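**Student:** This is the content of protein01.csv (CSV, C-alpha atoms):
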chain,number,residue,atom,x,y,z
A,239,MET,CA,-10.5,15.3,-0.5
A,240,LYS,CA,-10.2,17.9,2.2
A,241,GLU,CA,-13.8,17.2,3.2
A,242,PHE,CA,-13.1,13.5,3.4
A,243,LEU,CA,-10.1,14.0,5.7
A,244,LYS,CA,-12.2,16.3,7.9
A,245,LYS,CA,-14.9,13.7,8.2
A,246,TYR,CA,-12.5,10.8,8.6
A,247,PRO,CA,-9.2,12.0,10.0
A,248,TYR,CA,-6.4,9.7,9.2
A,249,THR,CA,-5.1,9.2,12.7
A,250,GLU,CA,-3.5,6.2,14.4
A,251,ASN,CA,-6.9,4.9,15.5
A,252,CYS,CA,-8.7,5.7,12.2
A,253,PRO,CA,-11.1,2.8,11.4
A,254,PHE,CA,-10.3,3.1,7.7
A,255,ARG,CA,-6.6,2.7,8.4
A,256,MET,CA,-7.2,-0.2,10.7
A,257,VAL,CA,-9.4,-2.0,8.1
A,258,MET,CA,-7.1,-1.3,5.2
A,259,GLU,CA,-4.2,-2.9,7.1
A,260,HIS,CA,-5.9,-6.2,6.3
A,261,PHE,CA,-6.1,-5.6,2.6
A,262,GLY,CA,-2.6,-4.4,2.0
A,263,ASN,CA,-1.9,-7.8,0.7
A,264,LYS,CA,-3.5,-9.2,-2.5
A,265,TRP,CA,-4.6,-12.4,-0.9
A,266,SER,CA,-7.3,-11.2,1.5
A,267,MET,CA,-9.5,-9.7,-1.2
A,268,ILE,CA,-8.9,-12.7,-3.5
A,269,ILE,CA,-10.0,-15.1,-0.7
A,270,ILE,CA,-13.1,-13.1,0.0
A,271,ILE,CA,-14.0,-13.0,-3.7
A,272,THR,CA,-13.4,-16.8,-4.0
A,273,LEU,CA,-15.6,-17.6,-1.0
A,274,GLY,CA,-18.2,-15.2,-2.3
A,275,GLU,CA,-18.3,-16.9,-5.7
A,276,ASN,CA,-18.2,-20.5,-4.3
A,277,GLY,CA,-19.8,-20.4,-0.9
A,278,ARG,CA,-18.5,-22.8,1.7
A,279,MET,CA,-15.1,-24.3,0.8
A,280,ARG,CA,-12.5,-26.6,2.3
A,281,PHE,CA,-8.9,-25.6,2.5
A,282,ASN,CA,-7.7,-27.7,-0.4
A,283,GLU,CA,-10.5,-26.4,-2.6
A,284,LEU,CA,-9.4,-22.8,-1.8
A,285,ASP,CA,-5.8,-23.8,-2.5
A,286,LYS,CA,-6.7,-25.2,-5.9
A,287,CYS,CA,-8.9,-22.1,-6.8
A,288,ILE,CA,-6.3,-19.4,-5.9
A,289,VAL,CA,-3.4,-19.5,-8.3
A,290,ASP,CA,0.1,-18.9,-6.9
A,291,ILE,CA,-0.8,-18.8,-3.2
A,292,SER,CA,1.3,-20.9,-0.9
A,293,GLN,CA,-0.3,-23.1,1.7
A,294,LYS,CA,1.5,-21.1,4.4
A,295,VAL,CA,0.2,-17.8,3.2
A,296,LEU,CA,-3.3,-19.2,2.7
A,297,THR,CA,-3.3,-20.5,6.2
A,298,SER,CA,-2.1,-17.3,7.8
A,299,THR,CA,-4.5,-15.1,5.7
A,300,LEU,CA,-7.5,-17.4,6.6
A,301,ARG,CA,-6.6,-17.0,10.3
A,302,ILE,CA,-6.4,-13.3,10.1
A,303,LEU,CA,-9.7,-13.0,8.2
A,304,GLU,CA,-11.4,-15.4,10.7
A,305,LYS,CA,-9.9,-13.5,13.7
A,306,ASP,CA,-11.3,-10.2,12.3
A,307,GLY,CA,-14.7,-11.6,11.6
A,308,PHE,CA,-14.7,-11.7,7.8
A,309,ILE,CA,-15.0,-15.4,7.5
A,310,ASN,CA,-16.3,-18.3,9.6
A,311,ARG,CA,-14.3,-21.5,10.1
A,312,THR,CA,-16.3,-24.7,10.9
A,313,VAL,CA,-14.6,-27.8,12.1
A,314,HIS,CA,-16.6,-31.0,11.7
A,315,PRO,CA,-15.9,-33.7,14.3
A,316,GLU,CA,-14.9,-36.4,11.8
A,317,VAL,CA,-11.8,-38.5,11.3
A,318,PRO,CA,-10.0,-36.9,9.7
A,319,PRO,CA,-11.4,-33.5,10.7
A,320,ARG,CA,-13.3,-31.6,8.0
A,321,VAL,CA,-12.7,-27.9,8.1
A,322,GLU,CA,-14.8,-25.5,6.0
A,323,TYR,CA,-14.6,-21.7,5.4
A,324,GLU,CA,-17.3,-19.4,4.4
A,325,LEU,CA,-18.0,-15.6,4.4
A,326,SER,CA,-19.5,-14.2,7.6
A,327,ASP,CA,-22.2,-11.6,7.4
A,328,LEU,CA,-19.4,-9.0,7.7
A,329,GLY,CA,-17.5,-10.6,4.8
A,330,LYS,CA,-20.7,-10.7,2.7
A,331,ASP,CA,-21.3,-7.0,3.4
A,332,LEU,CA,-17.7,-6.2,2.2
A,333,LEU,CA,-17.9,-8.4,-0.9
A,334,PRO,CA,-19.7,-5.9,-3.2
A,335,LEU,CA,-17.1,-3.2,-2.4
A,336,ILE,CA,-14.2,-5.6,-3.3
A,337,GLU,CA,-16.0,-6.6,-6.5
A,338,ARG,CA,-16.4,-2.9,-7.4
A,339,PHE,CA,-12.6,-2.4,-6.7
A,340,ALA,CA,-11.8,-5.4,-8.9
A,341,ASP,CA,-14.1,-4.0,-11.7
A,342,TRP,CA,-12.3,-0.7,-11.4
A,343,SER,CA,-8.9,-2.5,-11.6
A,344,TYR,CA,-9.9,-4.3,-14.9
A,345,GLU,CA,-11.2,-1.0,-16.4
A,346,HIS,CA,-8.0,1.0,-15.6
A,347,ILE,CA,-5.2,-1.5,-15.8
A,348,GLY,CA,-4.2,-0.2,-19.2
A,349,GLU,CA,-3.8,3.3,-17.9
A,350,ILE,CA,-1.8,2.0,-14.8
A,351,GLU,CA,0.5,0.0,-17.0
A,352,LYS,CA,1.1,2.9,-19.4
A,353,ALA,CA,1.9,5.3,-16.5
A,354,ARG,CA,4.2,2.7,-15.0
A,355,SER,CA,6.1,2.1,-18.3
A,356,GLU,CA,6.5,5.9,-18.8
A,357,LYS,CA,8.1,6.2,-15.4
A,358,ARG,CA,10.9,3.8,-16.2
So, in terms of structure tokens, how does the structure I just supplied come out?

**Tutor:**
Amino acid sequence: MKEFLKKYPYTENCPFRMVMEHFGNKWSMIIIITLGENGRMRFNELDKCIVDISQKVLTSTLRILEKDGFINRTVHPEVPPRVEYELSDLGKDLLPLIERFADWSYEHIGEIEKARSEKR
């Protein structure tokens, strides 16, 4: 770990720290995985696919992911307007890392739950 911190000092302007701020909530990763699995999706499709997310949280998380370049938002000039979301190249590049993290989570959830119950 000391070598890692020498190579990537955890300072205020640390790129790792800045990127991780976006993934401190559970929804960003879930949205990226959902778009990765399904491709281009409309808001209501995302809302139906992601269990327990409120429309307000979905809207704000999509805005953040779009602002930071992880997803693309396309508005089609129709009545009513049709809005679609899909992963950008940056989001597609990040997807395998999130999938690996999800795999790790499923592999180790038993250990995590056991440790948590022992601390109570």

**Student:** Expressed in Å to a single decimal, how great is the separation between CA of Arg354 (chain A) and CA of Thr299 (chain A)?

**Tutor:**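 Atom-to-atom, CA of Arg354 (chain A) to CA of Thr299 (chain A), that is 28.7 Å.
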
**Student:** Considering only C-alpha atoms, can you say which of A:Leu243, A:Ile350, A:Ile270, A:Val313 comes closest to Leu284 (chain A)?

**Tutor:** A:Ile270

**Student:** Can you work out which one of A:Leu273, A:Leu333, A:Val289, A:Val257 has the shortest atom-to-atom distance to Asn310 (chain A), counting all atoms listed in the file?

**Tutor:**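 Checking each candidate against Asn310 (chain A), we get A:Leu273 as the closest.
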
**Student:** When you count only C-alpha atoms, which of these residues is closest to Glu283 (chain A): A:Lys244, A:Ser266, A:His346, A:Glu322?

**Tutor:** A:Glu322

**Student:** With distances taken over all atoms listed in the file, which residue among A:Arg255, A:Arg311, A:Lys264, A:Lys245 lies nearest Ile288 (chain A)?

**Tutor:**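 Counting all atoms listed in the file, the residue closest to Ile288 (chain A) is A:Lys264.
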
**Student:** Grab the CA of Thr297 (chain A) to CA of Phe281 (chain A) distance for me, in Å with one decimal place.

**Tutor:**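 Spanning CA of Thr297 (chain A) to CA of Phe281 (chain A) is a straight-line distance of 8.4 Å.
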